$ cat protein12.txt   # compact mmCIF, C-alpha atoms
# COMPACT_ATOMS: atom_id res chain seq x y z
CA MET E 367 -90.30 -146.75 89.00
CA ASN E 368 -93.79 -146.72 87.52
CA ILE E 369 -96.15 -144.63 89.67
CA PHE E 370 -99.03 -146.68 88.33
CA TYR E 371 -97.62 -149.93 89.70
CA PRO E 372 -100.36 -150.14 92.40
CA VAL E 373 -102.97 -149.85 89.66
CA GLN E 374 -101.35 -152.82 87.90
CA LEU E 375 -101.54 -154.82 91.14
CA LEU E 376 -105.19 -153.85 91.52
CA ALA E 377 -105.98 -154.84 87.92
CA ASP E 378 -104.23 -158.20 88.37
CA TYR E 379 -106.00 -158.81 91.68
CA PHE E 380 -109.39 -157.96 90.20
CA THR E 381 -108.79 -160.25 87.22
CA THR E 382 -107.65 -163.28 89.21
CA SER E 383 -109.52 -163.05 92.50
CA ILE E 384 -112.83 -161.46 91.52
CA LEU E 385 -113.34 -162.38 87.88
CA LEU E 386 -111.48 -165.68 88.47
CA ILE E 387 -109.58 -165.51 85.18
CA ASP E 388 -106.11 -167.01 84.96
CA LEU E 389 -103.63 -164.16 84.41
CA SER E 390 -101.37 -166.23 82.20
CA SER E 391 -104.24 -166.96 79.82
CA ARG E 392 -104.86 -164.67 76.89
CA LEU E 393 -108.23 -163.57 78.28
CA GLY E 394 -106.61 -162.85 81.63
CA GLU E 395 -103.94 -160.71 80.02
CA VAL E 396 -106.50 -158.77 77.98
CA THR E 397 -108.80 -158.24 80.99
CA SER E 398 -106.00 -157.00 83.22
CA TYR E 399 -104.70 -154.73 80.42
CA PHE E 400 -108.17 -153.26 79.98
CA ILE E 401 -108.68 -152.61 83.71
CA TYR E 402 -105.19 -151.18 84.13
CA ASP E 403 -105.42 -148.80 81.16
CA THR E 404 -108.91 -147.65 82.05
CA ILE E 405 -108.09 -146.81 85.67
CA LYS E 406 -104.82 -145.15 84.73
CA ILE E 407 -106.46 -142.98 82.05
CA PHE E 408 -109.28 -141.87 84.32
CA ILE E 409 -106.83 -140.88 87.06
CA LEU E 410 -104.79 -138.88 84.53
CA LEU E 411 -107.92 -137.33 83.02
CA PHE E 412 -109.05 -136.10 86.38
CA VAL E 413 -105.71 -134.69 87.51
CA ILE E 414 -104.61 -133.09 84.24
CA ILE E 415 -107.96 -131.60 83.20
CA PHE E 416 -108.40 -130.19 86.69
CA PHE E 417 -105.06 -128.39 86.59
CA VAL E 418 -105.49 -127.17 83.03
CA SER E 419 -108.91 -125.79 84.00
CA ILE E 420 -107.43 -123.89 86.93
CA ILE E 421 -104.87 -122.26 84.62
CA ARG E 422 -107.63 -121.63 82.11
CA SER E 423 -109.76 -119.80 84.65
CA TYR E 424 -106.98 -117.19 84.71
CA LEU E 425 -106.66 -117.06 80.92
CA PRO E 426 -110.06 -117.01 79.21
CA PRO E 427 -110.02 -116.40 75.42
CA GLU E 428 -110.83 -112.73 75.98
CA LYS E 429 -107.60 -112.26 77.93
CA ILE E 430 -105.61 -114.27 75.40
CA ARG E 431 -106.88 -111.96 72.68
CA ALA E 432 -105.77 -108.93 74.65
CA ILE E 433 -102.28 -110.48 74.83
CA LEU E 434 -102.22 -111.38 71.12
CA SER E 435 -103.49 -108.11 69.71
CA HIS E 436 -100.38 -106.31 70.91
CA LYS E 437 -97.78 -108.71 69.55
CA ASN E 438 -95.82 -108.58 66.34
CA LYS E 439 -96.21 -111.34 63.78
CA TYR E 440 -93.72 -114.04 64.75
CA VAL E 441 -94.00 -113.62 68.50
CA GLY E 442 -97.76 -113.62 67.97
CA ASN E 443 -97.68 -116.95 66.12
CA VAL E 444 -95.62 -118.60 68.85
CA LEU E 445 -97.75 -117.19 71.67
CA ALA E 446 -101.01 -117.99 69.88
CA SER E 447 -99.94 -121.62 69.48
CA LEU E 448 -98.86 -121.91 73.13
CA LEU E 449 -102.03 -120.27 74.40
CA GLY E 450 -104.06 -122.51 72.10
CA ILE E 451 -102.98 -125.48 74.21
CA ILE E 452 -104.92 -124.39 77.27
CA THR E 453 -108.00 -123.14 75.43
CA PRO E 454 -110.87 -125.57 75.16
CA PHE E 455 -112.12 -126.00 71.67
CA CYS E 456 -115.25 -127.28 70.12
CA SER E 457 -116.35 -126.59 66.60
CA CYS E 458 -119.13 -124.35 67.96
CA SER E 459 -116.58 -121.95 69.46
CA ALA E 460 -114.61 -121.60 66.23
CA ILE E 461 -116.71 -118.73 64.87
CA PRO E 462 -116.83 -116.50 67.97
CA LEU E 463 -113.07 -117.01 68.39
CA PHE E 464 -112.35 -116.19 64.78
CA LEU E 465 -114.56 -113.08 64.70
CA GLY E 466 -113.37 -111.92 68.10
CA PHE E 467 -109.70 -112.23 67.18
CA ILE E 468 -109.90 -110.65 63.73
CA GLN E 469 -112.17 -107.80 64.77
CA ALA E 470 -109.89 -106.89 67.67
CA GLY E 471 -106.98 -106.60 65.25
CA VAL E 472 -105.22 -109.94 65.74
CA PRO E 473 -103.53 -110.78 62.38
CA LEU E 474 -105.06 -113.55 60.24
CA GLY E 475 -101.95 -115.76 60.48
CA THR E 476 -101.82 -115.46 64.27
CA THR E 477 -105.52 -116.35 64.44
CA PHE E 478 -104.87 -119.44 62.36
CA SER E 479 -101.94 -120.53 64.54
CA PHE E 480 -104.40 -120.45 67.42
CA LEU E 481 -107.11 -122.30 65.47
CA VAL E 482 -104.64 -125.09 64.65
CA ALA E 483 -103.06 -125.49 68.10
CA SER E 484 -106.23 -125.21 70.15
CA PRO E 485 -107.95 -128.42 68.95
CA MET E 486 -104.74 -130.30 68.11
CA ILE E 487 -103.08 -130.00 71.50
CA ASN E 488 -106.00 -130.55 73.84
CA GLU E 489 -105.97 -132.02 77.30
CA VAL E 490 -107.87 -135.21 76.44
CA ALA E 491 -105.42 -136.07 73.67
CA LEU E 492 -102.53 -135.28 76.02
CA VAL E 493 -103.84 -137.54 78.77
CA LEU E 494 -104.31 -140.41 76.35
CA LEU E 495 -100.85 -139.96 74.84
CA LEU E 496 -99.27 -139.76 78.26
CA GLY E 497 -101.19 -142.77 79.58
CA LEU E 498 -100.82 -145.02 76.56
CA PHE E 499 -97.59 -143.95 74.86
CA GLY E 500 -95.56 -142.42 77.69
CA TRP E 501 -94.19 -138.94 78.23
CA LYS E 502 -91.65 -139.00 75.38
CA ILE E 503 -94.26 -139.48 72.67
CA ALA E 504 -96.58 -136.99 74.40
CA PHE E 505 -93.75 -134.46 74.37
CA ILE E 506 -92.92 -135.10 70.69
CA TYR E 507 -96.60 -134.67 69.87
CA ILE E 508 -96.78 -131.29 71.65
CA ILE E 509 -93.58 -129.96 70.08
CA SER E 510 -94.39 -131.04 66.55
CA GLY E 511 -97.98 -129.84 66.98
CA LEU E 512 -96.66 -126.44 68.00
CA PHE E 513 -94.36 -126.37 64.98
CA VAL E 514 -97.19 -127.16 62.59
CA ALA E 515 -99.39 -124.47 64.19
CA ILE E 516 -96.68 -121.79 64.21
CA LEU E 517 -95.53 -122.47 60.64
CA SER E 518 -99.07 -122.71 59.22
CA GLY E 519 -99.85 -119.30 60.72
CA ILE E 520 -96.64 -117.74 59.37
CA ILE E 521 -97.29 -119.11 55.87
CA ILE E 522 -100.89 -117.82 55.90
CA ASP E 523 -99.56 -114.40 56.91
CA LYS E 524 -97.03 -114.42 54.05
CA LEU E 525 -99.68 -115.39 51.48
CA LYS E 526 -101.58 -112.14 52.17
CA ILE E 527 -104.97 -113.70 51.66
CA GLU E 528 -107.06 -111.48 53.92
CA ASP E 529 -109.39 -110.92 50.94
CA LEU E 530 -110.55 -114.53 51.26
CA VAL E 531 -112.21 -113.73 54.57
CA GLU E 532 -115.90 -112.78 54.19
CA PRO E 533 -116.05 -108.96 53.91
CA PHE E 534 -118.50 -108.54 56.83
CA VAL E 535 -115.84 -109.80 59.23
CA TYR E 536 -113.62 -106.77 58.67
CA GLN E 537 -116.54 -104.32 58.60
CA ASN E 538 -117.00 -104.61 62.33
CA SER E 539 -114.24 -103.72 64.67
CA ILE E 540 -114.37 -103.99 68.38
CA ASN E 541 -112.58 -102.76 71.41
CA GLY E 542 -110.73 -105.71 72.91
CA ASN E 543 -110.92 -104.47 76.50
CA ILE E 544 -113.74 -105.87 78.56
CA ASN E 545 -114.46 -106.67 82.15
CA LEU E 546 -115.23 -110.32 82.69
CA PRO E 547 -117.10 -111.45 85.80
CA ILE E 548 -114.41 -111.81 88.51
CA MET E 549 -113.84 -115.25 90.04
CA SER E 550 -112.84 -116.05 93.63
CA SER E 551 -110.41 -118.92 94.20
CA LYS E 552 -113.31 -121.08 95.43
CA GLU E 553 -115.17 -120.34 92.20
CA ARG E 554 -112.07 -121.28 90.21
CA ILE E 555 -111.89 -124.65 91.94
CA ASN E 556 -115.60 -125.21 91.39
CA TYR E 557 -115.24 -124.19 87.75
CA ALA E 558 -112.35 -126.63 87.32
CA LEU E 559 -114.25 -129.47 89.00
CA ASP E 560 -117.36 -128.80 86.89
CA TYR E 561 -115.32 -128.63 83.73
CA THR E 562 -113.46 -131.85 84.56
CA LYS E 563 -116.74 -133.64 85.27
CA ASP E 564 -118.28 -132.36 82.03
CA ILE E 565 -115.34 -133.53 79.92
CA ILE E 566 -115.17 -136.95 81.58
CA LYS E 567 -118.92 -137.37 81.09
CA LYS E 568 -118.49 -136.50 77.43
CA VAL E 569 -115.59 -138.84 76.67
CA TYR E 570 -115.80 -141.80 79.06
CA LEU E 571 -117.85 -144.05 76.80
CA TYR E 572 -115.53 -143.49 73.82
CA ILE E 573 -112.52 -144.19 76.02
CA LEU E 574 -114.02 -147.42 77.38
CA ILE E 575 -114.87 -148.64 73.89
CA GLY E 576 -111.50 -147.54 72.51
CA VAL E 577 -109.52 -149.15 75.34
CA GLY E 578 -111.71 -152.27 75.08
CA ILE E 579 -111.04 -152.77 71.39
CA GLY E 580 -107.41 -151.80 72.01
CA ALA E 581 -107.10 -154.49 74.70
CA TYR E 582 -108.59 -157.04 72.34
CA ILE E 583 -106.14 -156.13 69.57
CA HIS E 584 -103.31 -156.18 72.12
CA GLY E 585 -104.15 -159.73 73.16
CA TYR E 586 -105.40 -161.39 70.03
CA LEU E 587 -103.69 -159.88 67.01
CA PRO E 588 -100.23 -161.22 66.23
CA ALA E 589 -97.36 -158.78 66.85
CA ASP E 590 -96.21 -156.98 63.69
CA PHE E 591 -99.41 -158.05 61.98
CA LEU E 592 -99.84 -154.54 60.55
CA ALA E 593 -96.20 -153.89 59.70
CA GLN E 594 -96.75 -155.34 56.22
CA TYR E 595 -99.48 -152.72 55.55
CA ALA E 596 -98.39 -149.72 57.60
CA GLY E 597 -94.72 -150.13 58.55
CA ALA E 598 -92.24 -147.27 58.24
CA ASP E 599 -91.21 -148.42 54.76
CA LYS E 600 -94.71 -147.95 53.33
CA TRP E 601 -94.71 -144.44 51.84
CA TYR E 602 -98.47 -144.25 51.39
CA ALA E 603 -99.27 -145.02 55.06
CA VAL E 604 -98.78 -141.44 56.29
CA PRO E 605 -100.98 -139.56 53.78
CA LEU E 606 -103.60 -142.30 54.00
CA ALA E 607 -103.66 -142.02 57.81
CA VAL E 608 -104.11 -138.25 57.52
CA LEU E 609 -107.03 -138.65 55.11
CA ILE E 610 -108.74 -141.22 57.33
CA GLY E 611 -108.31 -138.91 60.32
CA ILE E 612 -110.25 -135.95 58.84
CA PRO E 613 -113.81 -137.21 59.47
CA LEU E 614 -113.03 -138.74 62.88
CA TYR E 615 -112.88 -135.62 65.04
CA SER E 616 -115.74 -136.26 67.46
CA ASN E 617 -114.20 -139.58 68.40
CA ALA E 618 -110.66 -138.48 69.29
CA ALA E 619 -111.14 -139.98 72.76
CA GLY E 620 -111.90 -143.40 71.34
CA VAL E 621 -109.46 -143.27 68.45
CA ILE E 622 -106.24 -142.80 70.45
CA PRO E 623 -106.53 -145.97 72.61
CA LEU E 624 -107.25 -147.89 69.44
CA VAL E 625 -104.25 -146.42 67.68
CA SER E 626 -101.99 -147.23 70.59
CA ALA E 627 -102.82 -150.91 70.17
CA LEU E 628 -102.26 -150.69 66.41
CA THR E 629 -98.80 -149.20 67.01
CA GLU E 630 -97.90 -152.30 69.00
CA LYS E 631 -98.87 -154.40 66.00
CA GLY E 632 -96.51 -152.70 63.59
CA VAL E 633 -97.96 -149.35 62.53
CA ALA E 634 -94.97 -146.98 62.49
CA MET E 635 -94.82 -144.27 65.17
CA GLY E 636 -94.66 -141.36 62.71
CA THR E 637 -97.76 -142.66 60.95
CA THR E 638 -99.53 -142.91 64.30
CA LEU E 639 -98.56 -139.35 65.26
CA ALA E 640 -99.73 -138.02 61.89
CA PHE E 641 -103.00 -139.88 62.26
CA MET E 642 -103.68 -138.44 65.71
CA MET E 643 -102.82 -134.91 64.58
CA SER E 644 -105.16 -135.26 61.64
CA VAL E 645 -107.98 -136.54 63.88
CA THR E 646 -107.65 -133.54 66.20
CA ALA E 647 -106.55 -130.68 63.93
CA LEU E 648 -108.39 -131.36 60.68
CA SER E 649 -112.07 -131.56 61.39
CA LEU E 650 -114.79 -131.70 58.79
CA PRO E 651 -117.52 -130.17 61.02
CA GLU E 652 -115.19 -127.27 61.84
CA PHE E 653 -114.55 -126.62 58.13
CA MET E 654 -118.29 -126.55 57.46
CA ILE E 655 -118.78 -123.99 60.22
CA LEU E 656 -115.86 -121.82 59.10
CA LYS E 657 -117.62 -121.42 55.74
CA LYS E 658 -119.78 -118.76 57.41
CA VAL E 659 -116.82 -116.43 57.86
CA MET E 660 -114.41 -117.26 55.04
CA LYS E 661 -114.35 -118.39 51.43
CA ILE E 662 -113.97 -122.09 50.69
CA LYS E 663 -110.66 -121.32 49.02
CA LEU E 664 -109.23 -120.11 52.33
CA ILE E 665 -110.47 -123.23 54.14
CA LEU E 666 -108.81 -125.37 51.48
CA ILE E 667 -105.54 -123.43 51.73
CA PHE E 668 -105.64 -123.72 55.51
CA ALA E 669 -106.42 -127.46 55.43
CA SER E 670 -103.72 -128.13 52.82
CA ILE E 671 -100.99 -126.30 54.73
CA VAL E 672 -101.85 -128.03 58.01
CA GLY E 673 -102.30 -131.40 56.26
CA PHE E 674 -98.95 -131.01 54.52
CA GLY E 675 -97.26 -130.12 57.82
CA ILE E 676 -98.75 -133.16 59.49
CA ILE E 677 -97.64 -135.46 56.66
CA LEU E 678 -94.08 -134.11 56.90
CA THR E 679 -94.14 -134.70 60.67
CA GLY E 680 -95.24 -138.28 60.04
CA TYR E 681 -92.40 -138.95 57.58
CA LEU E 682 -89.88 -137.26 59.86
CA PHE E 683 -90.69 -139.47 62.85
CA ASN E 684 -90.98 -142.60 60.73
CA THR E 685 -87.39 -141.91 59.70
CA ILE E 686 -85.87 -141.03 63.07
CA LEU E 687 -87.85 -143.06 65.65
CA MET O 1172 -135.48 -106.26 84.16
CA ILE O 1173 -134.37 -107.87 80.93
CA ILE O 1174 -132.86 -111.37 80.93
CA GLN O 1175 -131.23 -112.45 77.68
CA VAL O 1176 -129.31 -115.50 76.53
CA PHE O 1177 -126.96 -114.93 73.61
CA GLY O 1178 -125.85 -118.01 71.75
CA SER O 1179 -124.45 -119.30 68.51
CA GLY O 1180 -127.43 -121.57 67.88
CA CYS O 1181 -125.52 -124.70 68.92
CA THR O 1182 -127.07 -127.40 71.11
CA THR O 1183 -125.09 -126.34 74.20
CA CYS O 1184 -126.56 -122.85 73.94
CA LYS O 1185 -130.10 -124.22 73.68
CA LYS O 1186 -129.52 -126.39 76.72
CA PHE O 1187 -128.32 -123.34 78.63
CA LEU O 1188 -131.40 -121.39 77.50
CA GLU O 1189 -133.66 -124.13 78.88
CA LEU O 1190 -131.78 -124.13 82.21
CA THR O 1191 -132.06 -120.35 82.44
CA LYS O 1192 -135.82 -120.48 81.73
CA GLN O 1193 -136.20 -123.07 84.47
CA ALA O 1194 -134.15 -120.98 86.90
CA VAL O 1195 -136.26 -117.89 86.16
CA SER O 1196 -139.48 -119.79 86.72
CA ILE O 1197 -138.21 -121.37 89.97
CA LEU O 1198 -137.34 -117.88 91.21
CA GLY O 1199 -140.82 -116.76 90.21
CA LEU O 1200 -139.62 -113.62 88.48
CA GLY O 1201 -142.36 -113.61 85.87
CA VAL O 1202 -140.13 -112.39 83.05
CA GLU O 1203 -139.52 -113.95 79.66
CA VAL O 1204 -135.99 -115.07 78.83
CA GLU O 1205 -135.03 -113.65 75.47
CA TYR O 1206 -132.90 -115.83 73.17
CA ILE O 1207 -130.63 -114.06 70.71
CA PRO O 1208 -128.76 -116.44 68.43
CA ASP O 1209 -126.36 -113.87 67.03
CA ILE O 1210 -122.62 -114.45 67.35
CA GLN O 1211 -121.75 -110.97 66.10
CA LYS O 1212 -123.60 -109.49 69.10
CA ILE O 1213 -121.53 -111.66 71.48
CA VAL O 1214 -118.35 -110.59 69.76
CA ALA O 1215 -119.45 -106.95 69.87
CA MET O 1216 -119.75 -107.25 73.67
CA GLY O 1217 -116.07 -108.14 73.60
CA LEU O 1218 -116.69 -111.81 74.38
CA MET O 1219 -115.70 -114.95 72.50
CA GLN O 1220 -117.49 -117.70 74.34
CA SER O 1221 -121.04 -118.81 74.03
CA PRO O 1222 -123.59 -118.94 75.56
CA VAL O 1223 -123.70 -115.66 77.48
CA LEU O 1224 -126.31 -114.73 80.10
CA VAL O 1225 -126.99 -111.00 80.07
CA ILE O 1226 -129.07 -109.22 82.72
CA ASP O 1227 -129.99 -105.60 81.99
CA GLY O 1228 -127.19 -105.34 79.47
CA VAL O 1229 -124.43 -106.76 81.71
CA PRO O 1230 -122.88 -110.16 80.90
CA VAL O 1231 -123.07 -112.21 84.13
CA ILE O 1232 -122.33 -115.73 82.94
CA VAL O 1233 -119.86 -116.31 80.12
CA GLY O 1234 -119.59 -119.83 78.74
CA PHE O 1235 -121.71 -122.88 79.45
CA VAL O 1236 -122.78 -123.64 83.02
CA SER O 1237 -124.75 -126.82 83.68
CA ASP O 1238 -125.54 -126.14 87.34
CA ILE O 1239 -129.04 -124.68 87.62
CA GLU O 1240 -128.46 -123.59 91.22
CA LYS O 1241 -125.48 -121.52 90.15
CA ILE O 1242 -127.59 -119.90 87.42
CA GLN O 1243 -130.29 -119.09 90.00
CA LYS O 1244 -127.71 -117.64 92.36
CA VAL O 1245 -126.20 -115.39 89.69
CA ILE O 1246 -129.63 -114.18 88.58
CA LYS O 1247 -130.61 -113.42 92.19
CA GLU O 1248 -127.39 -111.47 92.76
CA ASN O 1249 -127.88 -109.37 89.67
CA ILE O 1250 -131.51 -108.33 89.80
CA LYS O 1251 -132.33 -104.96 91.20
$ encode --input "protein12.txt" --output "structure tokens"
Amino acid sequence: MNIFYPVQLLADYFTTSILLIDLSSRLGEVTSYFIYDTIKIFILLFVIIFFVSIIRSYLPPEKIRAILSHKNKYVGNVLASLLGIITPFCSCSAIPLFLGFIQAGVPLGTTFSFLVASPMINEVALVLLLGLFGWKIAFIYIISGLFVAILSGIIIDKLKIEDLVEPFVYQNSINGNINLPIMSSKERINYALDYTKDIIKKVYLYILIGVGIGAYIHGYLPADFLAQYAGADKWYAVPLAVLIGIPLYSNAAGVIPLVSALTEKGVAMGTTLAFMMSVTALSLPEFMILKKVMKIKLILIFASIVGFGIILTGYLFNTIL
Amino acid sequence: MIIQVFGSGCTTCKKFLELTKQAVSILGLGVEVEYIPDIQKIVAMGLMQSPVLVIDGVPVIVGFVSDIEKIQKVIKENIK
């Protein structure tokens, strides 16, 4: 049973009785689809971001670092990727995280596992995947995202390329133990509510536009229209999707609803997954910022490993789904 | 009393600096808020989030807060 069934009833009611559009017409179908998806996504956004923020209030990056600086390589990569899921990420926090990790003795590869997982598996992307693709695809996304993050970190460790980090980074070392301001449970709830509000404020417009265009595509484009360009048998679709995803980071919230509609019209699932991973994990503004702390060569190595991992994921799921 | 905002120079940090300045002037403390856009200093404090509000050398707010009343409250609690 679909727990969002009442939302569907509400969307249908609103379309027929308030907007007076016939549900069996194409416009009616598109309108009801738009209302349903929007309400569902906002409910999920609120609930999931709130709970992730509560967990996060117990595990700020400073605590995560304390956990990671005591772990050996492989365990560190796995933990860093898992902990990356609950850490918020914006390109302006990339530098303090990178410096803070490295200078407290967290290995370079472990740091990179974290830098891959943190933006790739974020709560907004998760909500949209869950709301628009269902839990199976959301789960596949998380697992393959974790794999890419863990493996990228392990490979970077094996390459022994610490010399490609700007020398000043290693010249400072810090003591990883600090006392953060302590939070009461009321403060945690307030923090989570504030954070949820902030995120929703930031993404709601993109989501509305994305779902709007998605609803239009859903209703007006013929089914399988895109299969001839981006079906599973088109080898170039996956790398192309990854390339297109690189400059789109700031619009992840709008891109996913759009992509969900394109999947309905014949874009293969693996290609879609690869595209979404590229949008979230490979971000041009982040690369520009990372230039302050590492040589361009390291950024290119990092981007190529992650990009390659994402492309493989795309091909894998195009083959098995 | 020294009130400082450490940031990375990003827009969020500047917004937080403005809020802190407003809070200080509402409280009528008559001190300047110092802005230090130096990530290495934040990291050296053991922190990895920006912005950070520091009063007399102690970090009291870590990460962005948009609620000016909360900023006022924290400042009031931490001035001697």
$ closest_atom_pairs --input "protein12.txt" --of "chain E" --to "chain O" --cutoff "12 Å" --atoms "all atoms listed in the file" --output "tab-separated table"
residue	atom	partner	partner_atom	distance
E:Ser423	CA	O:Gly1234	CA	11.5
E:Pro426	CA	O:Gln1220	CA	8.9
E:Pro427	CA	O:Met1219	CA	6.5
E:Glu428	CA	O:Leu1218	CA	6.1
E:Lys429	CA	O:Leu1218	CA	9.8
E:Ile430	CA	O:Met1219	CA	10.5
E:Arg431	CA	O:Met1219	CA	9.3
E:Ala432	CA	O:Gly1217	CA	10.4
E:Thr453	CA	O:Gln1220	CA	11.0
E:Pro454	CA	O:Gln1220	CA	10.3
E:Phe455	CA	O:Gln1220	CA	10.2
E:Cys456	CA	O:Cys1181	CA	10.7
E:Ser457	CA	O:Cys1181	CA	9.6
E:Cys458	CA	O:Cys1181	CA	6.5
E:Ser459	CA	O:Gln1220	CA	6.5
E:Ala460	CA	O:Met1219	CA	9.2
E:Ile461	CA	O:Ile1210	CA	7.7
E:Pro462	CA	O:Met1219	CA	4.9
E:Leu463	CA	O:Met1219	CA	5.3
E:Phe464	CA	O:Met1219	CA	8.5
E:Leu465	CA	O:Val1214	CA	6.8
E:Gly466	CA	O:Val1214	CA	5.4
E:Phe467	CA	O:Met1219	CA	8.5
E:Ile468	CA	O:Val1214	CA	10.4
E:Gln469	CA	O:Val1214	CA	8.4
E:Ala470	CA	O:Gly1217	CA	8.7
E:Phe534	CA	O:Gln1211	CA	10.1
E:Val535	CA	O:Gln1211	CA	9.1
E:Tyr536	CA	O:Gln1211	CA	11.8
E:Gln537	CA	O:Gln1211	CA	11.3
E:Asn538	CA	O:Ala1215	CA	8.3
E:Ser539	CA	O:Ala1215	CA	8.0
E:Ile540	CA	O:Ala1215	CA	6.1
E:Asn541	CA	O:Gly1217	CA	6.8
E:Gly542	CA	O:Gly1217	CA	5.9
E:Asn543	CA	O:Gly1217	CA	7.0
E:Ile544	CA	O:Gly1217	CA	5.9
E:Asn545	CA	O:Gly1217	CA	8.8
E:Leu546	CA	O:Pro1230	CA	7.9
E:Pro547	CA	O:Val1231	CA	6.2
E:Ile548	CA	O:Val1231	CA	9.7
E:Met549	CA	O:Ile1232	CA	11.1
E:Glu553	CA	O:Lys1241	CA	10.6
E:Asn556	CA	O:Lys1241	CA	10.6
E:Tyr557	CA	O:Val1236	CA	8.9
E:Ala558	CA	O:Val1236	CA	11.7
E:Leu559	CA	O:Asp1238	CA	11.9
E:Asp560	CA	O:Ser1237	CA	8.3
E:Tyr561	CA	O:Val1236	CA	9.0
E:Lys563	CA	O:Ser1237	CA	10.6
E:Asp564	CA	O:Ser1237	CA	8.7
E:Ile655	CA	O:Cys1181	CA	11.0
E:Lys658	CA	O:Ile1210	CA	11.2
E:Val659	CA	O:Gln1211	CA	11.0
$ atom_distance --input "protein12.txt" --atom1 "CA of Ala581 (chain E)" --atom2 "CA of Val396 (chain E)"
5.4 Å
$ atom_distance --input "protein12.txt" --atom1 "CA of Val514 (chain E)" --atom2 "CA of Ile433 (chain E)"
21.3 Å
$ atom_distance --input "protein12.txt" --atom1 "CA of Leu1198 (chain O)" --atom2 "CA of Val1223 (chain O)"
19.5 Å
$ residues_near_point --input "protein12.txt" --point "(-107.6, -152.2, 74.1)" --cutoff "9 Å" --atoms "only C-alpha atoms" --output "PyMOL selection string"
chain E and resi 396+399-400+403+574-585+623-624+626-627
$ write_last_selection --input "protein12.txt" --atoms "C-alpha atoms" --output "mmCIF file, keeping the file's coordinate frame"
data_model
loop_
_atom_site.group_PDB
_atom_site.id
_atom_site.type_symbol
_atom_site.label_atom_id
_atom_site.label_comp_id
_atom_site.auth_asym_id
_atom_site.auth_seq_id
_atom_site.Cartn_x
_atom_site.Cartn_y
_atom_site.Cartn_z
ATOM 1 C CA VAL E 396 -106.500 -158.770 77.980
ATOM 2 C CA TYR E 399 -104.700 -154.730 80.420
ATOM 3 C CA PHE E 400 -108.170 -153.260 79.980
ATOM 4 C CA ASP E 403 -105.420 -148.800 81.160
ATOM 5 C CA LEU E 574 -114.020 -147.420 77.380
ATOM 6 C CA ILE E 575 -114.870 -148.640 73.890
ATOM 7 C CA GLY E 576 -111.500 -147.540 72.510
ATOM 8 C CA VAL E 577 -109.520 -149.150 75.340
ATOM 9 C CA GLY E 578 -111.710 -152.270 75.080
ATOM 10 C CA ILE E 579 -111.040 -152.770 71.390
ATOM 11 C CA GLY E 580 -107.410 -151.800 72.010
ATOM 12 C CA ALA E 581 -107.100 -154.490 74.700
ATOM 13 C CA TYR E 582 -108.590 -157.040 72.340
ATOM 14 C CA ILE E 583 -106.140 -156.130 69.570
ATOM 15 C CA HIS E 584 -103.310 -156.180 72.120
ATOM 16 C CA GLY E 585 -104.150 -159.730 73.160
ATOM 17 C CA PRO E 623 -106.530 -145.970 72.610
ATOM 18 C CA LEU E 624 -107.250 -147.890 69.440
ATOM 19 C CA SER E 626 -101.990 -147.230 70.590
ATOM 20 C CA ALA E 627 -102.820 -150.910 70.170
#
$ residues_near_point --input "protein12.txt" --point "(-132.1, -121.4, 76.8)" --cutoff "10 Å" --atoms "only C-alpha atoms" --output "number ranges by chain"
O: 1175-1178, 1182-1193, 1204-1207, 1222, 1224
$ residues_around --input "protein12.txt" --residues "Ser670 (chain E)" --least-positions-apart "4" --cutoff "12 Å" --atoms "all atoms listed in the file" --output "list of chain:residue names"
E:Val514, E:Ser518, E:Ile521, E:Ile522, E:Pro605, E:Val608, E:Leu609, E:Ile612, E:Ser644, E:Ala647, E:Leu648, E:Lys663, E:Leu664, E:Ile665, E:Leu666, E:Phe674, E:Gly675, E:Ile676, E:Ile677
$ residues_around --input "protein12.txt" --residues "Lys1244 (chain O)" --least-positions-apart "4" --cutoff "10 Å" --atoms "all atoms listed in the file" --output "ChimeraX atom specification"
/O:1194,1198,1239-1240,1248-1249
